[in-house]
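K.L.:
Quick one, start-v9.pdb (PDB, C-alpha atoms and all ligand atoms):
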ATOM      1  CA  MET A   1     -72.086  34.759 -67.923
ATOM      2  CA  ILE A   2     -70.473  37.477 -70.063
ATOM      3  CA  ASP A   3     -71.038  41.179 -69.613
ATOM      4  CA  CYS A   4     -69.035  43.673 -71.700
ATOM      5  CA  GLU A   5     -69.849  47.323 -71.537
ATOM      6  CA  GLY A   6     -67.973  50.043 -73.358
ATOM      7  CA  LEU A   7     -65.153  47.584 -73.993
ATOM      8  CA  VAL A   8     -62.140  49.207 -75.648
ATOM      9  CA  LYS A   9     -59.001  47.593 -77.016
ATOM     10  CA  ILE A  10     -56.246  49.687 -78.491
ATOM     11  CA  TYR A  11     -53.194  48.059 -80.035
ATOM     12  CA  LYS A  12     -50.152  50.307 -79.952
ATOM     13  CA  THR A  13     -47.369  49.659 -82.384
ATOM     14  CA  ASP A  14     -44.314  51.945 -82.787
ATOM     15  CA  ASP A  15     -46.104  55.046 -84.016
ATOM     16  CA  LEU A  16     -49.544  53.696 -84.771
ATOM     17  CA  GLU A  17     -52.617  53.054 -82.668
ATOM     18  CA  VAL A  18     -55.301  50.635 -83.836
ATOM     19  CA  VAL A  19     -58.626  50.836 -82.016
ATOM     20  CA  ALA A  20     -59.816  47.261 -82.451
ATOM     21  CA  LEU A  21     -62.796  47.563 -80.080
ATOM     22  CA  GLN A  22     -64.409  50.966 -79.736
ATOM     23  CA  GLY A  23     -66.725  50.616 -76.739
ATOM     24  CA  LEU A  24     -68.380  47.306 -77.416
ATOM     25  CA  ASN A  25     -71.409  46.053 -75.479
ATOM     26  CA  LEU A  26     -72.248  42.370 -75.242
ATOM     27  CA  LYS A  27     -74.236  40.235 -72.845
ATOM     28  CA  VAL A  28     -74.263  36.452 -72.980
ATOM     29  CA  ASN A  29     -76.483  34.447 -70.646
ATOM     30  CA  PRO A  30     -75.260  31.356 -68.820
ATOM     31  CA  GLY A  31     -75.996  28.268 -70.900
ATOM     32  CA  GLU A  32     -76.342  30.193 -74.156
ATOM     33  CA  LEU A  33     -75.023  28.938 -77.508
ATOM     34  CA  MET A  34     -74.439  32.007 -79.653
ATOM     35  CA  ALA A  35     -72.320  33.267 -82.518
ATOM     36  CA  ILE A  36     -70.442  36.466 -83.232
ATOM     37  CA  ILE A  37     -70.089  37.399 -86.883
ATOM     38  CA  GLY A  38     -68.252  40.208 -88.614
ATOM     39  CA  ASN A  39     -66.002  40.987 -91.527
ATOM     40  CA  SER A  40     -62.268  40.533 -91.383
ATOM     41  CA  GLY A  41     -60.757  43.151 -89.078
ATOM     42  CA  SER A  42     -64.012  43.941 -87.268
ATOM     43  CA  GLY A  43     -62.556  42.896 -83.913
ATOM     44  CA  LYS A  44     -63.969  39.378 -83.433
ATOM     45  CA  SER A  45     -60.705  37.675 -82.499
ATOM     46  CA  THR A  46     -59.712  40.608 -80.312
ATOM     47  CA  LEU A  47     -62.935  40.161 -78.348
ATOM     48  CA  LEU A  48     -62.483  36.407 -78.089
ATOM     49  CA  ASN A  49     -58.882  36.770 -76.932
ATOM     50  CA  ILE A  50     -59.961  39.206 -74.230
ATOM     51  CA  LEU A  51     -62.751  36.863 -73.091
ATOM     52  CA  GLY A  52     -60.251  34.003 -73.046
ATOM     53  CA  GLY A  53     -57.813  35.967 -70.899
ATOM     54  CA  LEU A  54     -55.166  35.919 -73.662
ATOM     55  CA  ASP A  55     -55.246  39.673 -74.182
ATOM     56  CA  HIS A  56     -55.824  42.550 -71.789
ATOM     57  CA  PRO A  57     -58.593  45.110 -72.408
ATOM     58  CA  SER A  58     -57.595  48.796 -72.588
ATOM     59  CA  ALA A  59     -60.737  50.203 -70.948
ATOM     60  CA  GLY A  60     -64.400  49.546 -70.249
ATOM     61  CA  GLN A  61     -65.977  46.691 -68.409
ATOM     62  CA  VAL A  62     -65.622  42.990 -69.099
ATOM     63  CA  ARG A  63     -66.912  40.388 -66.702
ATOM     64  CA  VAL A  64     -67.084  36.639 -67.118
ATOM     65  CA  GLY A  65     -68.993  35.014 -64.259
ATOM     66  CA  PRO A  66     -67.477  36.417 -61.068
ATOM     67  CA  TRP A  67     -64.279  37.575 -62.790
ATOM     68  CA  ASP A  68     -63.539  41.195 -63.713
ATOM     69  CA  LEU A  69     -61.067  40.795 -66.578
ATOM     70  CA  LEU A  70     -59.993  44.448 -66.523
ATOM     71  CA  LYS A  71     -58.859  44.374 -62.924
ATOM     72  CA  ILE A  72     -57.914  40.726 -62.556
ATOM     73  CA  THR A  73     -54.523  39.992 -60.923
ATOM     74  CA  PRO A  74     -51.976  37.882 -62.842
ATOM     75  CA  ASP A  75     -52.454  34.988 -60.369
ATOM     76  CA  ASP A  76     -56.234  35.068 -60.746
ATOM     77  CA  LEU A  77     -55.865  35.271 -64.522
ATOM     78  CA  VAL A  78     -53.955  31.971 -64.512
ATOM     79  CA  LYS A  79     -56.710  30.486 -62.351
ATOM     80  CA  TYR A  80     -59.399  31.911 -64.657
ATOM     81  CA  LYS A  81     -57.772  30.407 -67.750
ATOM     82  CA  ARG A  82     -57.287  27.052 -66.015
ATOM     83  CA  GLU A  83     -60.732  26.732 -64.502
ATOM     84  CA  THR A  84     -63.263  28.784 -66.419
ATOM     85  CA  VAL A  85     -62.562  28.834 -70.164
ATOM     86  CA  GLY A  86     -61.886  26.366 -72.930
ATOM     87  CA  PHE A  87     -60.591  27.471 -76.350
ATOM     88  CA  ILE A  88     -60.963  26.032 -79.850
ATOM     89  CA  TRP A  89     -59.215  27.496 -82.873
ATOM     90  CA  GLN A  90     -59.598  26.807 -86.562
ATOM     91  CA  ASN A  91     -56.362  24.862 -86.761
ATOM     92  CA  ASN A  92     -56.347  23.457 -83.258
ATOM     93  CA  ALA A  93     -55.599  20.008 -84.560
ATOM     94  CA  ARG A  94     -52.132  21.271 -85.575
ATOM     95  CA  ASN A  95     -51.207  21.371 -81.888
ATOM     96  CA  LEU A  96     -52.033  17.710 -81.326
ATOM     97  CA  LEU A  97     -49.377  15.026 -81.152
ATOM     98  CA  PRO A  98     -49.596  12.735 -84.221
ATOM     99  CA  TYR A  99     -47.729   9.782 -82.678
ATOM    100  CA  LEU A 100     -50.079   9.576 -79.666
ATOM    101  CA  THR A 101     -53.581   8.094 -79.684
ATOM    102  CA  ALA A 102     -56.702  10.270 -79.439
ATOM    103  CA  LEU A 103     -57.071   9.219 -75.786
ATOM    104  CA  GLU A 104     -53.425  10.007 -74.982
ATOM    105  CA  ASN A 105     -53.823  13.412 -76.628
ATOM    106  CA  VAL A 106     -56.785  14.167 -74.358
ATOM    107  CA  GLU A 107     -54.889  12.914 -71.294
ATOM    108  CA  MET A 108     -51.794  15.002 -72.076
ATOM    109  CA  PRO A 109     -53.127  18.372 -70.845
ATOM    110  CA  MET A 110     -54.617  16.593 -67.827
ATOM    111  CA  MET A 111     -51.150  15.222 -67.090
ATOM    112  CA  LEU A 112     -49.620  18.709 -67.413
ATOM    113  CA  SER A 113     -52.135  20.096 -64.938
ATOM    114  CA  GLY A 114     -51.332  17.272 -62.524
ATOM    115  CA  LYS A 115     -54.421  15.071 -62.608
ATOM    116  CA  VAL A 116     -55.255  12.457 -65.214
ATOM    117  CA  ASP A 117     -58.887  11.352 -65.179
ATOM    118  CA  ARG A 118     -59.064   8.534 -67.724
ATOM    119  CA  ALA A 119     -62.786   7.947 -67.274
ATOM    120  CA  TYR A 120     -63.502  11.612 -68.032
ATOM    121  CA  ALA A 121     -61.097  11.599 -71.006
ATOM    122  CA  LYS A 122     -63.027   8.631 -72.442
ATOM    123  CA  GLN A 123     -66.327  10.338 -71.724
ATOM    124  CA  LEU A 124     -65.134  13.423 -73.622
ATOM    125  CA  LEU A 125     -64.185  11.368 -76.665
ATOM    126  CA  GLU A 126     -67.568   9.657 -76.504
ATOM    127  CA  TRP A 127     -69.287  13.058 -76.428
ATOM    128  CA  VAL A 128     -67.531  14.096 -79.622
ATOM    129  CA  GLY A 129     -68.450  10.797 -81.298
ATOM    130  CA  LEU A 130     -64.995   9.181 -81.218
ATOM    131  CA  LYS A 131     -65.660   6.315 -78.820
ATOM    132  CA  GLU A 132     -64.616   3.735 -81.398
ATOM    133  CA  ARG A 133     -61.518   5.665 -82.478
ATOM    134  CA  MET A 134     -59.977   6.633 -79.143
ATOM    135  CA  ASN A 135     -57.112   4.168 -79.447
ATOM    136  CA  ASN A 136     -56.209   5.239 -82.971
ATOM    137  CA  LYS A 137     -53.107   7.333 -83.431
ATOM    138  CA  LEU A 138     -53.849  10.907 -84.420
ATOM    139  CA  HIS A 139     -52.367  10.536 -87.900
ATOM    140  CA  GLN A 140     -54.880   7.737 -88.559
ATOM    141  CA  LEU A 141     -57.766  10.188 -88.081
ATOM    142  CA  SER A 142     -59.227  12.579 -90.645
ATOM    143  CA  GLY A 143     -58.928  16.368 -90.274
ATOM    144  CA  GLY A 144     -62.516  16.582 -89.012
ATOM    145  CA  GLU A 145     -61.933  13.783 -86.488
ATOM    146  CA  GLN A 146     -58.784  15.522 -85.287
ATOM    147  CA  GLN A 147     -60.774  18.724 -84.808
ATOM    148  CA  ARG A 148     -63.205  16.729 -82.666
ATOM    149  CA  VAL A 149     -60.269  15.501 -80.544
ATOM    150  CA  ALA A 150     -59.344  19.186 -80.147
ATOM    151  CA  ILE A 151     -62.892  19.911 -78.933
ATOM    152  CA  ALA A 152     -62.578  17.090 -76.380
ATOM    153  CA  ILE A 153     -59.279  18.593 -75.182
ATOM    154  CA  SER A 154     -60.822  22.045 -74.810
ATOM    155  CA  LEU A 155     -63.215  20.511 -72.263
ATOM    156  CA  CYS A 156     -60.506  18.786 -70.187
ATOM    157  CA  ASN A 157     -60.588  21.440 -67.484
ATOM    158  CA  ARG A 158     -64.411  21.257 -67.251
ATOM    159  CA  PRO A 159     -64.823  24.909 -68.336
ATOM    160  CA  GLN A 160     -68.069  26.822 -67.911
ATOM    161  CA  LEU A 161     -67.374  28.829 -71.058
ATOM    162  CA  LEU A 162     -66.206  27.497 -74.426
ATOM    163  CA  LEU A 163     -64.785  30.010 -76.920
ATOM    164  CA  ALA A 164     -64.475  28.842 -80.521
ATOM    165  CA  ASP A 165     -62.694  30.942 -83.161
ATOM    166  CA  GLU A 166     -63.721  29.754 -86.662
ATOM    167  CA  PRO A 167     -64.035  26.163 -85.394
ATOM    168  CA  THR A 168     -65.203  24.848 -88.755
ATOM    169  CA  GLY A 169     -62.969  27.035 -90.890
ATOM    170  CA  SER A 170     -61.026  24.223 -92.495
ATOM    171  CA  VAL A 171     -63.545  21.373 -92.679
ATOM    172  CA  ASP A 172     -66.212  20.420 -95.233
ATOM    173  CA  THR A 173     -69.946  21.107 -94.820
ATOM    174  CA  ALA A 174     -70.791  17.638 -93.487
ATOM    175  CA  THR A 175     -68.065  17.873 -90.816
ATOM    176  CA  SER A 176     -69.100  21.423 -90.037
ATOM    177  CA  ASP A 177     -72.683  20.181 -89.358
ATOM    178  CA  LEU A 178     -71.288  17.393 -87.196
ATOM    179  CA  ILE A 179     -69.235  19.856 -85.144
ATOM    180  CA  MET A 180     -72.231  22.166 -84.726
ATOM    181  CA  ASN A 181     -74.299  19.192 -83.547
ATOM    182  CA  ILE A 182     -71.608  18.401 -80.975
ATOM    183  CA  PHE A 183     -71.729  22.003 -79.724
ATOM    184  CA  ARG A 184     -75.522  21.859 -79.425
ATOM    185  CA  LYS A 185     -75.350  18.537 -77.586
ATOM    186  CA  LEU A 186     -72.686  19.766 -75.153
ATOM    187  CA  ASN A 187     -74.636  22.960 -74.623
ATOM    188  CA  ARG A 188     -77.834  21.048 -73.861
ATOM    189  CA  GLU A 189     -76.358  18.224 -71.845
ATOM    190  CA  ILE A 190     -73.687  19.867 -69.716
ATOM    191  CA  GLY A 191     -75.091  23.415 -69.882
ATOM    192  CA  ILE A 192     -71.794  24.916 -71.042
ATOM    193  CA  THR A 193     -71.990  28.455 -72.464
ATOM    194  CA  ILE A 194     -70.580  28.506 -76.013
ATOM    195  CA  VAL A 195     -69.483  31.542 -78.023
ATOM    196  CA  ILE A 196     -68.537  30.869 -81.645
ATOM    197  CA  VAL A 197     -66.748  33.483 -83.727
ATOM    198  CA  THR A 198     -67.157  33.094 -87.463
ATOM    199  CA  HIS A 199     -67.588  34.935 -90.723
ATOM    200  CA  ASP A 200     -69.583  32.008 -92.079
ATOM    201  CA  LEU A 201     -73.243  33.077 -92.181
ATOM    202  CA  SER A 202     -74.466  29.532 -92.716
ATOM    203  CA  LEU A 203     -72.788  28.474 -89.463
ATOM    204  CA  ALA A 204     -74.214  31.463 -87.648
ATOM    205  CA  GLY A 205     -77.687  30.442 -88.842
ATOM    206  CA  LYS A 206     -77.480  27.315 -86.718
ATOM    207  CA  VAL A 207     -77.535  29.069 -83.341
ATOM    208  CA  ASP A 208     -80.328  30.877 -81.520
ATOM    209  CA  ARG A 209     -78.671  34.279 -81.335
ATOM    210  CA  VAL A 210     -76.087  35.979 -83.510
ATOM    211  CA  VAL A 211     -74.401  39.267 -82.742
ATOM    212  CA  ALA A 212     -72.767  41.144 -85.602
ATOM    213  CA  ILE A 213     -69.679  43.251 -84.937
ATOM    214  CA  ARG A 214     -68.832  46.131 -87.226
ATOM    215  CA  ASP A 215     -65.794  48.366 -86.725
ATOM    216  CA  GLY A 216     -65.279  47.182 -83.157
ATOM    217  CA  LEU A 217     -68.888  47.723 -82.074
ATOM    218  CA  THR A 218     -71.879  45.404 -81.771
ATOM    219  CA  SER A 219     -74.167  46.587 -84.552
ATOM    220  CA  THR A 220     -76.951  44.099 -85.232
ATOM    221  CA  GLU A 221     -78.436  41.221 -83.327
ATOM    222  CA  PHE A 222     -80.229  38.298 -84.997
ATOM    223  CA  ILE A 223     -82.569  36.251 -82.839
ATOM    224  CA  LYS A 224     -84.121  33.009 -84.021
ATOM    225  CA  ARG A 225     -87.879  33.357 -84.469
ATOM    226  CA  ASN A 226     -88.476  29.803 -83.327
ATOM    227  CA  PRO A 227     -85.690  28.754 -80.933
ATOM    228  CA  ASN A 228     -86.971  25.162 -80.787
ATOM    229  CA  MET A 229     -86.444  24.698 -84.493
ATOM    230  CA  ASN A 230     -83.345  22.622 -85.112
ATOM    231  CA  THR A 231     -82.103  23.789 -88.456
ATOM    232  CA  VAL A 232     -78.718  22.094 -88.548
ATOM    233  CA  GLY A 233     -78.088  20.860 -92.042
ATOM    234  CA  GLY A 234     -81.152  22.623 -93.422
ATOM    235  CA  GLU A 235     -81.075  23.622 -97.058
ATOM    236  CA  GLU A 236     -81.611  27.277 -96.239
ATOM    237  CA  GLU A 237     -78.353  27.417 -94.341
ATOM    238  CA  HIS A 238     -76.293  25.821 -96.986
ATOM    239  CA  SER A 239     -77.650  28.341 -99.433
ATOM    240  CA  GLY A 240     -76.162  31.038 -97.149
ATOM    241  CA  LYS A 241     -79.571  32.675 -96.636
ATOM    242  CA  GLY A 242     -80.164  30.896 -93.330
ATOM    243  CA  LEU A 243     -79.546  33.846 -91.029
ATOM    244  CA  GLN A 244     -82.155  36.185 -92.488
ATOM    245  CA  ALA A 245     -84.555  33.324 -93.194
ATOM    246  CA  VAL A 246     -84.874  32.052 -89.631
ATOM    247  CA  HIS A 247     -83.710  35.051 -87.580
ATOM    248  CA  GLU A 248     -85.216  38.426 -86.867
ATOM    249  CA  ALA A 249     -82.639  41.239 -87.185
ATOM    250  CA  TYR A 250     -82.425  44.011 -84.572
ATOM    251  CA  VAL A 251     -80.161  47.031 -84.512
ATOM    252  CA  VAL A 252     -78.302  47.254 -81.191
ATOM    253  CA  VAL A 253     -79.032  50.384 -79.156
ATOM    254  CA  ASP A 254     -76.681  50.995 -76.241
ATOM    255  CA  ARG A 255     -77.520  52.279 -72.777
ATOM    256  CA  VAL A 256     -77.220  55.923 -73.800
ATOM    257  CA  GLY A 257     -79.194  55.481 -77.026
ATOM    258  CA  ARG A 258     -76.379  55.159 -79.578
ATOM    259  CA  LEU A 259     -76.789  52.875 -82.586
ATOM    260  CA  GLN A 260     -74.706  52.168 -85.648
ATOM    261  CA  VAL A 261     -76.075  52.990 -89.104
ATOM    262  CA  PRO A 262     -74.633  50.618 -91.746
ATOM    263  CA  LYS A 263     -72.047  52.320 -93.967
ATOM    264  CA  GLU A 264     -73.859  51.326 -97.152
ATOM    265  CA  TYR A 265     -77.009  53.182 -96.021
ATOM    266  CA  LEU A 266     -74.976  56.295 -95.282
ATOM    267  CA  THR A 267     -73.178  56.101 -98.615
ATOM    268  CA  THR A 268     -76.415  55.603-100.550
ATOM    269  CA  LEU A 269     -77.985  58.639 -98.888
ATOM    270  CA  GLY A 270     -74.786  60.707 -99.085
ATOM    271  CA  ILE A 271     -74.724  61.190 -95.304
ATOM    272  CA  THR A 272     -71.260  62.026 -94.036
ATOM    273  CA  ASP A 273     -71.014  63.794 -90.681
ATOM    274  CA  LYS A 274     -74.577  64.966 -90.037
ATOM    275  CA  ALA A 275     -78.117  63.750 -90.581
ATOM    276  CA  THR A 276     -81.650  64.875 -89.914
ATOM    277  CA  MET A 277     -83.699  62.774 -87.534
ATOM    278  CA  GLU A 278     -87.476  62.965 -87.401
ATOM    279  CA  PHE A 279     -89.956  61.156 -85.220
ATOM    280  CA  ASP A 280     -93.439  60.698 -86.681
ATOM    281  CA  GLY A 281     -94.987  59.186 -83.575
ATOM    282  CA  GLU A 282     -94.188  55.620 -84.656
ATOM    283  CA  ARG A 283     -90.945  55.696 -86.559
ATOM    284  CA  ILE A 284     -87.641  57.483 -86.402
ATOM    285  CA  VAL A 285     -86.571  58.599 -89.868
ATOM    286  CA  ILE A 286     -82.966  59.455 -90.602
ATOM    287  CA  SER A 287     -82.341  61.516 -93.743
ATOM    288  CA  PRO A 288     -79.503  63.535 -95.305
ATOM    289  CA  PRO A 289     -79.299  67.040 -93.805
ATOM    290  CA  LYS A 290     -81.591  69.570 -95.464
ATOM    291  CA  SER A 291     -79.677  72.165 -97.376
ATOM    292  CA  LEU A 292     -79.713  75.437 -95.413
ATOM    293  CA  GLY A 293     -78.410  78.001 -97.881
ATOM    294  CA  GLY A 294     -79.898  78.711-101.377
TER
HETATM  295  N1  LIG B 301     -51.555  42.442 -82.094
HETATM  296  C1  LIG B 301     -52.067  43.431 -82.836
HETATM  297  N2  LIG B 301     -51.373  44.567 -83.053
HETATM  298  C2  LIG B 301     -51.880  45.596 -83.788
HETATM  299  N3  LIG B 301     -53.090  45.563 -84.379
HETATM  300  C3  LIG B 301     -53.844  44.443 -84.202
HETATM  301  C4  LIG B 301     -53.376  43.323 -83.439
HETATM  302  N4  LIG B 301     -54.340  42.361 -83.454
HETATM  303  C5  LIG B 301     -55.359  42.868 -84.189
HETATM  304  N5  LIG B 301     -55.063  44.105 -84.630
HETATM  305  C6  LIG B 301     -55.954  44.983 -85.447
HETATM  306  O1  LIG B 301     -57.196  45.109 -84.769
HETATM  307  C7  LIG B 301     -58.281  45.080 -85.699
HETATM  308  C8  LIG B 301     -59.227  43.929 -85.329
HETATM  309  O2  LIG B 301     -58.550  42.681 -85.563
HETATM  310  P1  LIG B 301     -59.189  41.246 -85.248
HETATM  311  O3  LIG B 301     -58.136  40.225 -85.496
HETATM  312  O4  LIG B 301     -59.822  41.265 -83.913
HETATM  313  O5  LIG B 301     -60.323  41.156 -86.358
HETATM  314  P2  LIG B 301     -61.194  39.895 -86.810
HETATM  315  O6  LIG B 301     -62.588  40.403 -86.919
HETATM  316  O7  LIG B 301     -60.961  38.743 -85.912
HETATM  317  O8  LIG B 301     -60.622  39.583 -88.247
HETATM  318  P3  LIG B 301     -60.403  38.154 -88.983
HETATM  319  O9  LIG B 301     -61.779  37.629 -89.273
HETATM  320  O10 LIG B 301     -59.650  38.529 -90.204
HETATM  321  O11 LIG B 301     -59.629  37.300 -88.033
HETATM  322  C9  LIG B 301     -57.659  44.942 -87.063
HETATM  323  O12 LIG B 301     -57.558  46.234 -87.629
HETATM  324  C10 LIG B 301     -56.284  44.384 -86.790
HETATM  325  O13 LIG B 301     -55.365  44.794 -87.769
END
Go through the file and emit its structure as structure tokens.
Ligand SMILES: Nc1ncnc2c1ncn2[C@@H]1O[C@H](COP(=O)(O)OP(=O)(O)OP(=O)(O)O)[C@@H](O)[C@H]1O
P.N.:
Amino acid sequence: MIDCEGLVKIYKTDDLEVVALQGLNLKVNPGELMAIIGNSGSGKSTLLNILGGLDHPSAGQVRVGPWDLLKITPDDLVKYKRETVGFIWQNNARNLLPYLTALENVEMPMMLSGKVDRAYAKQLLEWVGLKERMNNKLHQLSGGEQQRVAIAISLCNRPQLLLADEPTGSVDTATSDLIMNIFRKLNREIGITIVIVTHDLSLAGKVDRVVAIRDGLTSTEFIKRNPNMNTVGGEEEHSGKGLQAVHEAYVVVDRVGRLQVPKEYLTTLGITDKATMEFDGERIVISPPKSLGG
């Protein structure tokens, strides 16, 4: 579904260039539910905005389904955004209309795109567990319920790909579990591919695959040891240890053999610009460079 290779994004301000993505590689299979984690400034939102067609890549390859987002024409980009992707942000609910009901809020974007499908709007609200509340005005719903209305809206255009940027950033743990359960259900039942961006490790622990971004590059991949295990709401996750407890961690090696060594390892070993690499037949050992002189 998603194929990024050597993806680069450079932001140019007056006299400054920020390289937000430095040649990132990422593959996401159709029907996958996965998470992208990374510290603040690592490039997560930049990646999501590019995948959502909100920002243009500077170089590299980025494909979503049949679309090449580097070469896409402006007309096709509008079509792509309308037909292929749905977006959820942390504070999505802020964009909803408080004096309309949940159902009317879902119908609004349908109206703007020229076709209201009331049966589908109701179905969406049922999927997010708001069947009984669809005729309530938005201001009568809690923050978590409003976020669920926002999820229903993101599916109005029947997207094949759902992009969620910190979707549980401003809700409590119980609501966060509920939202994750909705994602899993949607993923299973309608086969939609879902990419969640978060810095919340406990949230990341609830999906089968997590890709960590560091300094604009994919650095580590965590794959669930037992993908059938449903760990939503498990104690391990709430303790924040969920990711390491149920996932195996792999360092990402790109097509030409490059990998990223975590900064803390380099600092501990005092490695700056060079290292020694040895292969003992089974392992590759990276050490500080041996001193040459005296
Ligand atoms: N419009 C912009 N103009 C200039 N620099 C930008 C712009 N957007 C992002 N950046 C820079 O690109 C880098 C990556 O930012 P990005 O927002 O993608 O990170 P992030 O991982 O999503 O962080 P956070 O978790 O804080 O949202 C940062 O150094 C940021 O300052």
K.L.:
Under the rule that only C-alpha atoms and all ligand atoms are counted, which of A:Gly41, A:Gly31, A:Gly270, A:Gly129 is the nearest residue to ligand LIG 301 (chain B)?
P.N.:
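For ligand LIG 301 (chain B), the nearest of the given residues is A:Gly41.
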K.L.:
If I take CA of Gly52 (chain A) and CA of Leu26 (chain A), how far is one from the other in Å, to one decimal?
P.N.:
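Here the two named atoms are 14.8 Å from each other.
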K.L.:
Would you pick out the contacts of region 74-84 of chain A at 8 Å or less, using only C-alpha atoms, so that residues sharing its chain but fewer than 4 positions from it are not included, and give the list as an NGL selection string?
P.N.:
:A and (52-53 or 67 or 69 or 157-161)
K.L.:
Go ahead and dump the residues you just picked, C-alpha atoms, as a PDB file, in the frame of the given file.
P.N.:
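Okay, this is what ended up in out_5.pdb:
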ATOM      1  CA  GLY A  52     -60.251  34.003 -73.046  1.00  0.00           C
ATOM      2  CA  GLY A  53     -57.813  35.967 -70.899  1.00  0.00           C
ATOM      3  CA  TRP A  67     -64.279  37.575 -62.790  1.00  0.00           C
ATOM      4  CA  LEU A  69     -61.067  40.795 -66.578  1.00  0.00           C
ATOM      5  CA  ASN A 157     -60.588  21.440 -67.484  1.00  0.00           C
ATOM      6  CA  ARG A 158     -64.411  21.257 -67.251  1.00  0.00           C
ATOM      7  CA  PRO A 159     -64.823  24.909 -68.336  1.00  0.00           C
ATOM      8  CA  GLN A 160     -68.069  26.822 -67.911  1.00  0.00           C
ATOM      9  CA  LEU A 161     -67.374  28.829 -71.058  1.00  0.00           C
TER      10      LEU A 161
END
K.L.:
Could you tell me which residues the PyMOL selection byres (((not hetatm)) within 8 of (chain B and resi 301)) grabs in this file, written as a compact mmCIF listing (two decimals) with C-alpha atoms, in the frame of the given file?
P.N.:
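And here is the file that came out, selection32.txt:
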# COMPACT_ATOMS: atom_id res chain seq x y z
CA ILE A 10 -56.25 49.69 -78.49
CA TYR A 11 -53.19 48.06 -80.04
CA LYS A 12 -50.15 50.31 -79.95
CA THR A 13 -47.37 49.66 -82.38
CA GLU A 17 -52.62 53.05 -82.67
CA VAL A 18 -55.30 50.64 -83.84
CA VAL A 19 -58.63 50.84 -82.02
CA ALA A 20 -59.82 47.26 -82.45
CA LEU A 21 -62.80 47.56 -80.08
CA GLY A 38 -68.25 40.21 -88.61
CA ASN A 39 -66.00 40.99 -91.53
CA SER A 40 -62.27 40.53 -91.38
CA GLY A 41 -60.76 43.15 -89.08
CA SER A 42 -64.01 43.94 -87.27
CA GLY A 43 -62.56 42.90 -83.91
CA LYS A 44 -63.97 39.38 -83.43
CA SER A 45 -60.70 37.67 -82.50
CA THR A 46 -59.71 40.61 -80.31
CA LEU A 47 -62.94 40.16 -78.35
CA THR A 198 -67.16 33.09 -87.46
CA HIS A 199 -67.59 34.94 -90.72
CA ILE A 213 -69.68 43.25 -84.94
CA GLY A 216 -65.28 47.18 -83.16
K.L.:
Looking at all atoms listed in the file, which of A:Ala152, A:Ile2, A:Leu51, A:Ile223 is the one that sits closest to Val85 (chain A)?
P.N.:
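Of all the options, A:Leu51 lies closest to Val85 (chain A).
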K.L.:
Could you state which residues are captured by the PyMOL selection byres (((chain A and resi 171-179) around 8) and not hetatm) in this file, as a ChimeraX atom specification?
P.N.:
/A:143-144,148,168-170,180-183,203,232-233
K.L.:
What gap, in Å, lies between CA of Val285 (chain A) and CA of Arg255 (chain A)?
P.N.:
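Between CA of Val285 (chain A) and CA of Arg255 (chain A) the gap works out to 20.3 Å.
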K.L.:
Could you state the separation of CA of Leu100 (chain A) and CA of Trp127 (chain A) in Å, given to one decimal place?
P.N.:
19.8 Å
K.L.:
Go through A:Ala35, A:Leu155, A:Leu259, A:Ile271 one by one, measure the shortest atom-to-atom distance of each to Asp200 (chain A) using all atoms listed in the file, and give the residue with the smallest value.
P.N.:
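Answer, going by the shortest atom-to-atom distance: A:Ala35.
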K.L.:
Let me know the residues the PyMOL selection byres (((chain A and resi 133) around 12) and not hetatm) catches in the file above, as a PyMOL selection string.
P.N.:
chain A and resi 101-104+122+125-126+128-132+134-142+145-146+148-149
K.L.:
Calculated over only C-alpha atoms, which of the candidates A:Ser287, A:Thr220, A:Asn29, A:Gln147 has the smallest distance to Gly65 (chain A)?
P.N.:
A:Asn29
